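S.K.: Please find one structure pasted underneath; my questions will follow.
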Amino acid sequence: MASSGANRWPSNGPGDQISDEQATHLRERARFVRLETIRLISIAKVGHYSSVFSCAEIFSVLYYDTMKLRQGEPAWPERDRFLMGKGHAAVGQFPILADLGFFDKSWLDDYTRLGSPLGDHPDMRKVPGVDFSSGSIGHALSNGVGMALGGRFQNQDFNVFVLLGDGEMQEGQVWEAALSAASHRLSKLIAIIDRNGYQLDGKVDDVVAIEPLDEKWRAFGWEVHEVDGHDVVALANLLRAVKADSAREKPCCIIARTVKGKGIDYMETEPGWHLGYLAPEDEARAREAILAGAQ
Amino acid sequence: MNRVLNPESWQYRELNKRAPSLATLANTLIELAEAGHPVVAGTADLQHSNGLIGFARRFPERFTQFGISEQNMVSAAAGMATIGVMPYVATFASFLALLCCEQIRMDVAYCAQPVRLIGHHTGISLGFYGTSHHATEDIAIMRSIADLTVVSPADGPQFAAALRASVHHPQPIYFRIARGHDPIVYANDAPFEFGKAVIHGIGSDLTIIACGMPVHPAKAAMEALNGKGHSVGLIDMHTIKPLDRAAVVAAARKSRIVLTVEEHNVLGGLGGAVAEVMAEEGGGARLVRHGIKDEFSLIAPPTHLYRHYQLDAAGIESVAQSLLA
């Protein structure tokens with residue numbers, strides 16, 4: 001966490017680039033996200049493994065490097081905000097929120113059980129650290145537009161990060177929000193597209209083609225960057241630079257090229273894993289694959 | 001930058017002259033903002049229709065023009081509310097309640113954000129603009145959303161009073177207001193409380209329960225019928241949710257007939273809400289629901305439509321008279 005002061009873990013590398021130690025830590029936190037996702041879904045008996053695995057490094061970099069947050073203070077008014085259009089990846093976010101001390105880690109053990117605040121989608125009324133509920137794809141960028149406008153009205157200096165699915169590009173409201181953010185010059189709004197290439201019914205570009213994404217977002221008035229969404233060094237350095245660029249007058253869109261199911265070979269090659277369940281023996285193999293993975 | 005009309009301009013004067021009840025919106029929001037409430041406002045390309053240009057001119061930094069993107073406006077208003085401001089967003093009721101239903105449900109009501117949704121030109125008040133611009137389903141849709149307060153003020157003064165009360169109301173609110181030509185029922189200082197109906201009287205023969213624009217003609221109908229020797233009352237049920245159940249029960253127990261009057265489909269609206277209470281609470285009165293009888297309303301100038309659907313004073317009196325015979 002960029003501003004956690006005394007709690008700040010490994011120091012920076014040269015300039016404001018992340019150091020090797022920081023990169024190692026971010027990779028380790030991404031592994032933590034994947035392992036916890038497997039554990040939690042073993043409780044629910046069904047879940048969105050592969051949707052989390054494509055954005056595990058994005059979660060790790062945002063929460064453990066980019067965003068201004070305070071350990072144990074989920075409602076700190078000056079914090080950077082994080083919203084998820086792809087709310088079905090919340091199972092990967094919850095372990096991080098618990099790790100940051102936003103709620104007790106024991107909550108995770110009852111994931112999706114009757115009365116648990118933690119379900120397949122994030123609920124701001126129930127889960128400390130969730131800045132806005134989601135579940136209906138296409139709303140989050142608009143919610144982020146509102147937060148950035150609200151920050152401007154209130155003279156607050158936080159950033160708003162919105163993680164969008166690539167299938168989400170098919171929702172019309174995303175483009176209403178994109179027009180609106182550029183029109184209002186919301187430079188504190190940063191969208192990250194998890195471009196993993198798949199949605200429930202198959203390949204995104206077979207279902208409804210969305211490319212060329214970079215040209216679309218540029219044409220809508222956004223600054224656009226592309227990055228390997230699993231390369232924590234590239235991601236963290238890009239997000240640091242984007243956040244530090246006080247001269248930018250536009251909102252910023254980062255297209256993160258990712259692999260759905262990243263880290264588990266059979267999920268990477270079998271698109272049917274959008275929603276699934278690992279039998280106990282497969283679960284053990286998946287854990288080994290994650291622990292053995294270079295990422 | 002938002003382009004706003006100069007209050008000295010012809011257009012601005014005309015707007016305020018023609019639609020005094022709608023001018024209430026901007027004027028009251030200005031008053032609340034000046035009093036220190038964190039009011040912000042937005043619209044979807046209708047700042048002239050709803051008069052928010054007045055607010056935009058006084059507080060340009062607190063006004064957001066969302067353009068023709070109603071769903072984005074509602075979701076963004078919910079996002080804004082999380083930062084501690086109180087958004088009042090306005091557009092035609094037909095678009096707000098129907099096009100943005102899911103955004104209202106998910107982002108506003110489910111997330112419990114104090115957004116004030118103002119659906120204006122509701123009912124059939126847009127006359128010959130047609131079915132796309134009529135809103136005869138909005139009460140039914142909005143009142144089925146949990147944690148959402150639904151209010152249908154009778155006139156400008158009551159709307160202003162409701163707006164003033166709204167800054168102390170913790171829940172999100174859907175306001176259903178007319179096009180600003182509605183005749184005045186109340187004095188400027190008339191009291192207003194969410195969920196507490198205004199009881200103009202309970203008749204032993206018949207009590208009308210109305211909301212919104214029809215309250216004024218219903219009051220005239222009540223007075224005419226009482227002048228003819230009947231005992232007729234009127235309840236202004238300005239808050240449809242939470243409904244003032246005690247007021248309904250009082251009418252059901254004391255009156256022979258309860259007549260609901262609304263500028264809305266009789267299915268699911270005020271009549272539906274009253275029917276639910278009467279079915280559960282008993283009371284013995286006969287219930288008749290008057291309004292749009294589950295049809296797509298015709299196209300005509302608004303006054304012609306009110307006459308056709310018997311939502312003017314003569315029409316309401318005639319419907320009530322036929323029940324009393």
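Residue names in the structure tokens use chain letters A, B, ... in the order shown, residue numbers from 1 in each chain, and ligand numbers from 1 in the order shown.
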Within 10 Å of chain A, which residues of chain B show up? Give each one with its shortest atom-to-atom distance in Å (one decimal) and the two atoms involved, counting only C-alpha atoms, rows by chain then rising residue number, as a Markdown table.

M.R.:
```
| residue | atom | partner | partner_atom | distance |
| --- | --- | --- | --- | --- |
| B:Met1 | CA | A:His184 | CA | 8.7 |
| B:Pro38 | CA | A:Gln154 | CA | 9.1 |
| B:Val40 | CA | A:Phe153 | CA | 8.5 |
| B:Glu61 | CA | A:Phe153 | CA | 7.1 |
| B:Arg62 | CA | A:Phe153 | CA | 6.7 |
| B:Phe63 | CA | A:Phe153 | CA | 9.5 |
| B:Thr64 | CA | A:Leu149 | CA | 8.6 |
| B:Gln65 | CA | A:Ser180 | CA | 9.0 |
| B:Phe66 | CA | A:Ser180 | CA | 6.7 |
| B:Gly67 | CA | A:Ser180 | CA | 8.2 |
| B:Ile68 | CA | A:Glu176 | CA | 8.7 |
| B:Ser69 | CA | A:Glu176 | CA | 6.0 |
| B:Glu70 | CA | A:Glu176 | CA | 8.9 |
| B:Gln71 | CA | A:Gln173 | CA | 6.8 |
| B:Asn72 | CA | A:Ser142 | CA | 5.3 |
| B:Met73 | CA | A:Ser142 | CA | 7.5 |
| B:Val74 | CA | A:Ser142 | CA | 8.3 |
| B:Ser75 | CA | A:Asn143 | CA | 5.2 |
| B:Ala76 | CA | A:Gly146 | CA | 3.8 |
| B:Ala77 | CA | A:Gly146 | CA | 5.7 |
| B:Ala78 | CA | A:Asn143 | CA | 6.5 |
| B:Gly79 | CA | A:Asn143 | CA | 4.3 |
| B:Met80 | CA | A:Gly146 | CA | 4.3 |
| B:Ala81 | CA | A:Gly150 | CA | 7.3 |
| B:Thr82 | CA | A:Met147 | CA | 7.0 |
| B:Ile83 | CA | A:Gly150 | CA | 5.5 |
| B:Gly84 | CA | A:Gly150 | CA | 7.6 |
| B:Val85 | CA | A:Gly150 | CA | 6.8 |
| B:Met86 | CA | A:Gly150 | CA | 9.6 |
| B:Pro87 | CA | A:Gly150 | CA | 9.5 |
| B:Glu102 | CA | A:Ser136 | CA | 8.6 |
| B:Gln103 | CA | A:His139 | CA | 7.5 |
| B:Met106 | CA | A:Ser136 | CA | 7.7 |
| B:Asp107 | CA | A:Ser133 | CA | 7.4 |
| B:Tyr110 | CA | A:Arg125 | CA | 8.3 |
| B:Cys111 | CA | A:Arg125 | CA | 6.5 |
| B:Ala112 | CA | A:Arg125 | CA | 7.9 |
```

S.K.: Which neighbours of His290 of chain B fall inside 9 Å, counting only C-alpha atoms, when residues of the same chain fewer than 3 positions from it are skipped, and could you give them as a PDB file with N, CA and C atoms, in the first residue's frame?

M.R.:
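Output (around-v8.pdb):
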```
ATOM      1  N   LEU B 259     -62.615   5.286  -3.196  1.00  0.00           N
ATOM      2  CA  LEU B 259     -62.314   5.468  -4.623  1.00  0.00           C
ATOM      3  C   LEU B 259     -60.884   5.982  -4.762  1.00  0.00           C
ATOM      4  N   THR B 260     -60.030   5.177  -5.353  1.00  0.00           N
ATOM      5  CA  THR B 260     -58.658   5.663  -5.575  1.00  0.00           C
ATOM      6  C   THR B 260     -58.600   6.350  -6.932  1.00  0.00           C
ATOM      7  N   VAL B 261     -57.835   7.434  -6.990  1.00  0.00           N
ATOM      8  CA  VAL B 261     -57.711   8.204  -8.237  1.00  0.00           C
ATOM      9  C   VAL B 261     -56.241   8.486  -8.493  1.00  0.00           C
ATOM     10  N   GLU B 262     -55.775   8.056  -9.639  1.00  0.00           N
ATOM     11  CA  GLU B 262     -54.354   8.239  -9.956  1.00  0.00           C
ATOM     12  C   GLU B 262     -54.137   8.388 -11.444  1.00  0.00           C
ATOM     13  N   GLU B 263     -53.085   9.101 -11.796  1.00  0.00           N
ATOM     14  CA  GLU B 263     -52.696   9.277 -13.197  1.00  0.00           C
ATOM     15  C   GLU B 263     -51.690   8.169 -13.514  1.00  0.00           C
ATOM     16  N   ASN B 265     -51.617   3.501 -14.346  1.00  0.00           N
ATOM     17  CA  ASN B 265     -52.374   2.262 -14.521  1.00  0.00           C
ATOM     18  C   ASN B 265     -52.983   1.852 -13.169  1.00  0.00           C
ATOM     19  N   VAL B 266     -54.226   1.385 -13.191  1.00  0.00           N
ATOM     20  CA  VAL B 266     -54.855   0.960 -11.932  1.00  0.00           C
ATOM     21  C   VAL B 266     -54.178  -0.298 -11.375  1.00  0.00           C
ATOM     22  N   GLY B 271     -53.925   2.553  -6.467  1.00  0.00           N
ATOM     23  CA  GLY B 271     -55.094   1.684  -6.262  1.00  0.00           C
ATOM     24  C   GLY B 271     -54.686   0.299  -5.801  1.00  0.00           C
ATOM     25  N   LYS B 293     -56.994   2.321 -17.269  1.00  0.00           N
ATOM     26  CA  LYS B 293     -57.473   0.946 -17.079  1.00  0.00           C
ATOM     27  C   LYS B 293     -56.633  -0.049 -17.901  1.00  0.00           C
ATOM     28  N   GLN B 310     -61.349  10.884 -17.556  1.00  0.00           N
ATOM     29  CA  GLN B 310     -62.132  11.317 -16.386  1.00  0.00           C
ATOM     30  C   GLN B 310     -61.226  11.578 -15.179  1.00  0.00           C
ATOM     31  N   LEU B 311     -60.109  12.229 -15.458  1.00  0.00           N
ATOM     32  CA  LEU B 311     -59.191  12.591 -14.376  1.00  0.00           C
ATOM     33  C   LEU B 311     -59.255  14.090 -14.084  1.00  0.00           C
ATOM     34  N   ILE B 316     -63.953  13.035 -12.317  1.00  0.00           N
ATOM     35  CA  ILE B 316     -63.876  12.362 -11.005  1.00  0.00           C
ATOM     36  C   ILE B 316     -65.228  12.450 -10.303  1.00  0.00           C
ATOM     37  N   VAL B 319     -67.539   9.906 -11.909  1.00  0.00           N
ATOM     38  CA  VAL B 319     -67.252   8.526 -11.487  1.00  0.00           C
ATOM     39  C   VAL B 319     -67.794   8.295 -10.068  1.00  0.00           C
TER      40      VAL B 319
END
```

S.K.: Could you pull out the strand (DSSP E) residues of segment 58-204 of chain A from DSSP and send them as a list in words?

M.R.: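 Of segment 58-204 of chain A, only Arg81, Phe82, Leu83, Met84, Val160, Phe161, Val162, Leu163, Leu164, Gly165, Leu189, Ile190, Ala191, Ile192, Ile193, Asp194, Arg195, Tyr198, Gln199, Gly202 and Lys203 of chain A fall in strand (DSSP E).
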
S.K.: Neighbours of segment 282-284 of chain B within 6 Å (only C-alpha atoms; same-chain residues fewer than 4 positions away dropped), as JSON, numbers by chain?

M.R.: {"B": [252, 253, 278]}

S.K.: If DSSP is run on the backbone, what residues of segment 79-281 of chain A are alpha helix (DSSP H)? A reply as a ChimeraX atom specification would be ideal.

M.R.: /A:90-99,140-153,172-183,204-207,213-219,232-244,265-269,280-281

S.K.: Could you work out how far atom CA of Asn27 of chain B lies from atom CA of Phe95 of chain B, giving the answer in Å with one decimal?

M.R.: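 For atom CA of Phe95 of chain B relative to atom CA of Asn27 of chain B, the distance reads 23.5 Å.
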
S.K.: Go ahead and compute the interatomic distance for atom CA of Pro217 of chain B and atom CA of Leu46 of chain B, in Å to one decimal.

M.R.: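 Atom CA of Leu46 of chain B lies at a distance of 28.1 Å from atom CA of Pro217 of chain B.
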